[in-house]
file structure_24.txt (compact mmCIF, C-alpha atoms)
# COMPACT_ATOMS: atom_id res chain seq x y z
CA MET R 1 -19.45 9.36 -3.35
CA LEU R 2 -19.78 13.12 -2.98
CA ARG R 3 -23.10 13.14 -4.81
CA ALA R 4 -24.34 10.13 -2.83
CA ALA R 5 -23.58 12.04 0.37
CA GLY R 6 -25.62 15.00 -0.83
CA VAL R 7 -22.65 17.28 -1.54
CA GLY R 8 -23.48 19.70 -4.31
CA LEU R 9 -24.28 23.26 -5.31
CA GLY R 10 -23.28 25.81 -2.67
CA ASP R 11 -21.00 23.41 -0.80
CA GLU R 12 -17.24 23.60 -0.45
CA VAL R 13 -14.92 20.59 -0.37
CA VAL R 14 -11.36 20.88 0.96
CA VAL R 15 -8.83 19.14 -1.30
CA PRO R 16 -5.05 19.16 -1.83
CA ALA R 17 -3.51 21.22 -4.64
CA PHE R 18 -0.39 19.04 -4.62
CA GLY R 19 -1.35 16.20 -6.93
CA ASN R 20 -3.64 15.30 -9.78
CA VAL R 21 -6.38 17.59 -11.01
CA GLU R 22 -8.95 14.77 -11.01
CA VAL R 23 -9.95 15.33 -7.37
CA ALA R 24 -10.80 19.00 -7.93
CA GLU R 25 -12.59 18.05 -11.15
CA ALA R 26 -14.72 15.50 -9.30
CA VAL R 27 -15.73 18.14 -6.76
CA ALA R 28 -16.66 20.55 -9.55
CA LYS R 29 -18.66 17.86 -11.37
CA ALA R 30 -20.66 17.32 -8.18
CA GLY R 31 -21.56 21.01 -8.31
CA ALA R 32 -19.44 21.98 -5.31
CA MET R 33 -16.44 24.31 -5.01
CA PRO R 34 -12.95 22.85 -4.43
CA VAL R 35 -11.04 24.71 -1.71
CA PHE R 36 -7.32 24.06 -1.53
CA ALA R 37 -5.46 23.45 1.74
CA ASP R 38 -1.74 23.05 2.30
CA ILE R 39 0.13 19.78 2.78
CA ASP R 40 2.34 18.33 5.46
CA PRO R 41 5.94 18.65 4.15
CA VAL R 42 6.85 15.13 5.29
CA THR R 43 3.87 13.09 4.05
CA TYR R 44 2.86 15.36 1.12
CA CYS R 45 -0.74 14.76 2.20
CA LEU R 46 -3.28 17.26 3.54
CA ASP R 47 -2.26 18.86 6.83
CA ALA R 48 -5.09 18.76 9.37
CA SER R 49 -4.33 22.24 10.72
CA ALA R 50 -4.33 23.67 7.19
CA VAL R 51 -7.64 21.94 6.47
CA GLU R 52 -9.21 23.47 9.57
CA ALA R 53 -7.91 26.92 8.59
CA ALA R 54 -9.46 26.55 5.12
CA MET R 55 -12.90 25.61 6.41
CA THR R 56 -15.90 27.95 6.21
CA ALA R 57 -19.57 27.67 7.05
CA ARG R 58 -20.10 26.13 3.60
CA THR R 59 -17.54 23.33 4.00
CA ALA R 60 -19.27 19.97 3.58
CA ALA R 61 -16.43 17.51 3.01
CA VAL R 62 -12.69 16.85 2.86
CA VAL R 63 -11.02 14.60 0.29
CA VAL R 64 -7.77 13.14 1.61
CA VAL R 65 -5.29 11.75 -0.94
CA HIS R 66 -2.57 9.35 0.23
CA ARG R 67 0.59 10.21 -1.66
CA PHE R 68 3.61 8.26 -2.98
CA GLY R 69 2.87 5.24 -0.76
CA ARG R 70 2.77 7.30 2.43
CA LEU R 71 -0.48 7.61 4.39
CA ALA R 72 -1.98 10.89 5.54
CA ASP R 73 -2.59 11.49 9.24
CA ILE R 74 -6.04 10.09 8.78
CA ALA R 75 -6.83 9.83 12.51
CA ARG R 76 -6.48 13.60 12.96
CA LEU R 77 -8.43 14.30 9.80
CA HIS R 78 -11.29 11.99 10.78
CA ALA R 79 -11.34 13.57 14.24
CA LEU R 80 -11.55 16.99 12.58
CA GLY R 81 -14.40 15.77 10.41
CA ALA R 82 -16.27 14.35 13.40
CA ARG R 83 -15.80 17.58 15.35
CA HIS R 84 -17.24 19.72 12.57
CA GLY R 85 -19.72 17.26 11.08
CA LEU R 86 -17.85 16.89 7.79
CA LEU R 87 -17.65 13.99 5.38
CA VAL R 88 -14.03 12.76 5.11
CA LEU R 89 -13.26 10.73 1.99
CA GLU R 90 -9.97 9.00 1.23
CA GLN R 91 -8.35 8.37 -2.13
CA GLY R 92 -5.63 5.75 -2.00
CA GLU R 93 -3.15 4.36 -4.47
CA SER R 94 -3.33 0.96 -6.11
CA GLU R 95 -2.13 -1.82 -3.85
CA ALA R 96 1.02 -3.66 -4.89
CA PRO R 97 1.70 -7.29 -3.93
CA TYR R 98 3.45 -7.68 -0.58
CA ASP R 99 6.65 -9.09 -2.06
CA GLU R 100 6.91 -6.13 -4.44
CA ILE R 101 6.44 -3.68 -1.56
CA ALA R 102 9.13 -5.49 0.42
CA GLN R 103 11.55 -5.16 -2.49
CA ARG R 104 10.75 -1.48 -2.91
CA ARG R 105 11.42 -0.92 0.78
CA GLU R 106 14.72 -2.75 0.45
CA ARG R 107 15.79 -0.49 -2.41
CA ALA R 108 14.55 2.58 -0.57
CA ALA R 109 16.68 1.62 2.44
CA TYR R 110 19.71 1.37 0.15
CA LEU R 111 19.05 4.86 -1.23
CA HIS R 112 18.50 6.23 2.29
CA ALA R 113 21.93 5.00 3.31
CA LYS R 114 23.86 6.03 0.20
CA LEU R 115 22.41 9.26 -1.19
CA ARG R 116 24.12 12.56 -0.36
CA GLY R 117 23.10 16.14 -1.02
CA VAL R 118 19.38 15.51 -1.32
CA ARG R 119 16.75 15.10 1.37
CA THR R 120 15.54 11.51 1.36
CA PRO R 121 11.92 10.69 2.28
CA ASP R 122 10.86 9.93 5.81
CA ASP R 123 10.06 6.23 6.25
CA GLY R 124 6.87 6.78 8.21
CA ASP R 125 4.37 4.12 9.19
CA GLY R 126 3.72 1.65 6.42
CA HIS R 127 5.42 3.57 3.61
CA THR R 128 5.16 1.40 0.47
CA TYR R 129 7.32 3.61 -1.80
CA GLN R 130 5.01 3.78 -4.77
CA GLN R 131 7.42 6.58 -5.61
CA TYR R 132 10.77 7.39 -3.98
CA VAL R 133 10.59 11.17 -3.73
CA VAL R 134 13.60 13.22 -2.67
CA ARG R 135 13.96 16.95 -2.20
CA VAL R 136 16.55 18.94 -4.13
CA PRO R 137 16.84 22.13 -2.05
CA GLY R 138 16.98 25.40 -3.95
CA ASN R 139 19.68 28.00 -3.33
CA GLY R 140 18.55 30.81 -5.57
CA ARG R 141 18.46 28.87 -8.85
CA PRO R 142 16.27 26.00 -10.16
CA ASP R 143 18.48 23.26 -8.74
CA ARG R 144 15.84 20.52 -9.00
CA ASP R 145 15.45 20.93 -12.74
CA ALA R 146 19.20 21.23 -13.39
CA PHE R 147 19.78 18.22 -11.15
CA ALA R 148 17.17 16.18 -13.03
CA ARG R 149 18.70 17.03 -16.41
CA ALA R 150 22.17 16.06 -15.20
CA VAL R 151 20.96 12.76 -13.70
CA ARG R 152 19.12 11.86 -16.91
CA ALA R 153 22.26 12.66 -18.88
CA LYS R 154 23.97 9.93 -16.86
CA GLY R 155 21.34 7.41 -17.96
CA VAL R 156 19.21 7.43 -14.80
CA GLU R 157 15.46 7.86 -15.12
CA CYS R 158 13.87 10.45 -12.85
CA TRP R 159 10.73 12.56 -13.00
CA VAL R 160 8.99 15.49 -11.32
CA PRO R 161 6.01 13.94 -9.50
CA VAL R 162 3.83 17.08 -9.46
CA LYS R 163 4.78 19.59 -12.16
CA THR R 164 2.04 22.14 -11.50
CA PRO R 165 -0.10 22.36 -8.34
CA VAL R 166 -3.80 22.43 -9.12
CA HIS R 167 -4.29 25.95 -7.76
CA ARG R 168 -1.92 27.22 -10.48
CA LEU R 169 -3.92 25.64 -13.34
CA PRO R 170 -6.09 28.10 -15.32
CA GLU R 171 -9.37 26.32 -14.62
CA PHE R 172 -8.79 26.21 -10.83
CA ARG R 173 -6.55 29.23 -10.26
CA ARG R 174 -6.88 30.58 -6.74
CA CYS R 175 -5.21 33.40 -4.84
CA VAL R 176 -4.33 31.27 -1.83
CA SER R 177 -1.21 30.84 0.31
CA LEU R 178 0.06 27.25 0.11
CA PRO R 179 3.77 27.55 0.97
CA GLU R 180 4.46 23.84 1.55
CA THR R 181 2.65 22.90 -1.66
CA GLU R 182 4.66 25.47 -3.63
CA ARG R 183 7.94 24.34 -2.06
CA ALA R 184 7.23 20.67 -2.70
CA SER R 185 6.31 21.40 -6.32
CA ASP R 186 9.63 23.22 -6.82
CA GLU R 187 11.90 20.76 -4.97
CA THR R 188 10.59 17.20 -5.34
CA LEU R 189 12.07 14.62 -7.68
CA ALA R 190 11.18 10.93 -7.96
CA LEU R 191 13.97 8.38 -8.38
CA PRO R 192 13.52 4.75 -9.50
CA VAL R 193 12.81 2.25 -6.75
CA ASP R 194 11.06 -0.50 -8.72
CA ALA R 195 11.34 -4.09 -7.60
CA THR R 196 12.98 -4.96 -10.95
CA LEU R 197 16.07 -2.81 -10.28
CA THR R 198 19.32 -4.70 -9.76
CA LYS R 199 22.11 -3.86 -7.34
CA ARG R 200 24.07 -2.42 -10.25
CA ASP R 201 21.08 -0.23 -11.19
CA MET R 202 20.92 1.09 -7.63
CA GLN R 203 24.63 1.82 -7.60
CA ARG R 204 24.28 3.76 -10.87
CA ILE R 205 21.47 5.87 -9.39
CA VAL R 206 23.53 6.69 -6.31
CA SER R 207 26.65 7.44 -8.33
CA ALA R 208 24.78 9.78 -10.69
CA CYS R 209 23.10 11.68 -7.85
CA ASN R 210 26.09 11.91 -5.52
CA ALA R 211 28.34 13.21 -8.29
CA LEU R 212 26.14 16.33 -8.27
CA GLY R 213 26.10 16.81 -4.51
CA GLY R 214 28.38 19.83 -4.71
CA LEU R 215 25.63 21.79 -6.48
CA LEU R 216 23.35 21.55 -3.49
CA GLN R 217 22.95 22.71 0.05
CA PRO R 218 23.66 20.01 2.66
CA ALA R 219 20.73 17.67 3.27
CA PHE R 220 18.99 17.98 6.63
call {"tool": "encode", "arguments": {"input": "structure_24.txt", "output": "structure tokens"}}
result
Amino acid sequence: MLRAAGVGLGDEVVVPAFGNVEVAEAVAKAGAMPVFADIDPVTYCLDASAVEAAMTARTAAVVVVHRFGRLADIARLHALGARHGLLVLEQGESEAPYDEIAQRRERAAYLHAKLRGVRTPDDGDGHTYQQYVVRVPGNGRPDRDAFARAVRAKGVECWVPVKTPVHRLPEFRRCVSLPETERASDETLALPVDATLTKRDMQRIVSACNALGGLLQPAF
């Protein structure tokens, strides 16, 4: 799509660093330069103000990635693109059947109500919970990683959704300030929310997480 739109050598394309490397690779393959902008801490998607701050005279496009089942503020980003004459492309996630989404939302609501000591995700408009991503706030030590190890030891699957932001990878290393991206990379943890989980499974997740609440700062 970038090549079809004439984006190539000498152009810059604003992309998120919080996520998969494939977007930056696609920009590079088109001959353009990926420029990283910070994310909104609630949606984990590109922040429109950060995108505007990252723009230069060479900026030709923005690639917006919807994250974890939560949509970016695409209206603001398209308005920004229209104002500056930029191409705005969206990369979504695979669509799940409606009944599966409804079951994920049901399990997410249970976790919202029961979890303590972690910051639960904001529901937002149309959140489909492709991943249920909480924040484990740091207090001077790597709480997220210790928390994850302890939860796994109790038999509950969990995973770090973005282990290394793209701007930290050797092939795309940039000296750029992305505080929300860095914070999200250090604090986020995905918990199971699959439609196949039973009530007992959900109780086990809550029990394992809440038993560790004393290690953490209060959620807010």
call {"tool": "residues_around", "arguments": {"input": "structure_24.txt", "residues": "stretch 39-51 of chain R", "least_positions_apart": "5", "cutoff": "8 Å", "atoms": "all atoms listed in the file", "output": "ChimeraX atom specification"}}
result
/R:14-16,18,64-67,70-73,76-77,80,121-122,178,180-181,184
call {"tool": "closest_atom_pairs", "arguments": {"input": "structure_24.txt", "of": "stretch 89-133 of chain R", "to": "stretch 149-172 of chain R", "cutoff": "10 Å", "atoms": "only C-alpha atoms", "output": "JSON lines"}}
result
{"residue": "R:Gln131", "atom": "CA", "partner": "R:Pro161", "partner_atom": "CA", "distance": 8.4}
{"residue": "R:Tyr132", "atom": "CA", "partner": "R:Pro161", "partner_atom": "CA", "distance": 9.8}
{"residue": "R:Val133", "atom": "CA", "partner": "R:Pro161", "partner_atom": "CA", "distance": 7.9}
call {"tool": "closest_residue", "arguments": {"input": "structure_24.txt", "among": "R:Ala32, R:Leu189, R:Leu2, R:Ala37", "to": "R:Cys175", "atoms": "all atoms listed in the file"}}
result
R:Ala37
call {"tool": "closest_residue", "arguments": {"input": "structure_24.txt", "among": "R:Thr120, R:Leu212, R:Phe36, R:Gly8", "to": "R:Val21", "atoms": "only C-alpha atoms"}}
result
R:Phe36
call {"tool": "closest_atom_pairs", "arguments": {"input": "structure_24.txt", "of": "stretch 66-148 of chain R", "to": "stretch 9-13 of chain R", "cutoff": "12 Å", "atoms": "only C-alpha atoms", "output": "JSON lines"}}
result
{"residue": "R:Gly81", "atom": "CA", "partner": "R:Val13", "partner_atom": "CA", "distance": 11.8}
{"residue": "R:Leu86", "atom": "CA", "partner": "R:Val13", "partner_atom": "CA", "distance": 9.4}
{"residue": "R:Leu87", "atom": "CA", "partner": "R:Val13", "partner_atom": "CA", "distance": 9.2}
{"residue": "R:Val88", "atom": "CA", "partner": "R:Val13", "partner_atom": "CA", "distance": 9.6}
{"residue": "R:Leu89", "atom": "CA", "partner": "R:Val13", "partner_atom": "CA", "distance": 10.3}
call {"tool": "axis_aligned_box", "arguments": {"input": "structure_24.txt", "around": "stretch 124-140 of chain R", "padding_each_side": "5 Å", "output": "AutoDock Vina command-line options"}}
result
--center_x 11.7 --center_y 16.1 --center_z 1.8 --size_x 26.0 --size_y 39.4 --size_z 24.8
call {"tool": "atom_distance", "arguments": {"input": "structure_24.txt", "atom1": "atom CA of R:Arg204", "atom2": "atom CA of R:Glu93"}}
result
28.2 Å
call {"tool": "closest_residue", "arguments": {"input": "structure_24.txt", "among": "R:Met55, R:Ala146, R:Val136, R:Ala28", "to": "R:Ser185", "atoms": "all atoms listed in the file"}}
result
R:Val136
call {"tool": "atom_distance", "arguments": {"input": "structure_24.txt", "atom1": "atom CA of R:Arg135", "atom2": "atom CA of R:Val62"}}
result
27.1 Å
call {"tool": "closest_residue", "arguments": {"input": "structure_24.txt", "among": "R:Arg144, R:Asn210, R:Lys29, R:Ala79", "to": "R:Thr188", "atoms": "only C-alpha atoms"}}
result
R:Arg144
call {"tool": "closest_residue", "arguments": {"input": "structure_24.txt", "among": "R:Glu182, R:Phe68, R:Asp143, R:Gln130", "to": "R:Val118", "atoms": "only C-alpha atoms"}}
result
R:Asp143
call {"tool": "closest_residue", "arguments": {"input": "structure_24.txt", "among": "R:Gly69, R:His78, R:Gln91, R:Arg83", "to": "R:Asn20", "atoms": "all atoms listed in the file"}}
result
R:Gln91
call {"tool": "atom_distance", "arguments": {"input": "structure_24.txt", "atom1": "atom CA of R:Val206", "atom2": "atom CA of R:Arg183"}}
result
23.9 Å
call {"tool": "residues_near_point", "arguments": {"input": "structure_24.txt", "point": "(0.9, -5.0, -0.8)", "cutoff": "12 Å", "atoms": "only C-alpha atoms", "output": "PyMOL selection string"}}
result
chain R and resi 69+93-105+126-130
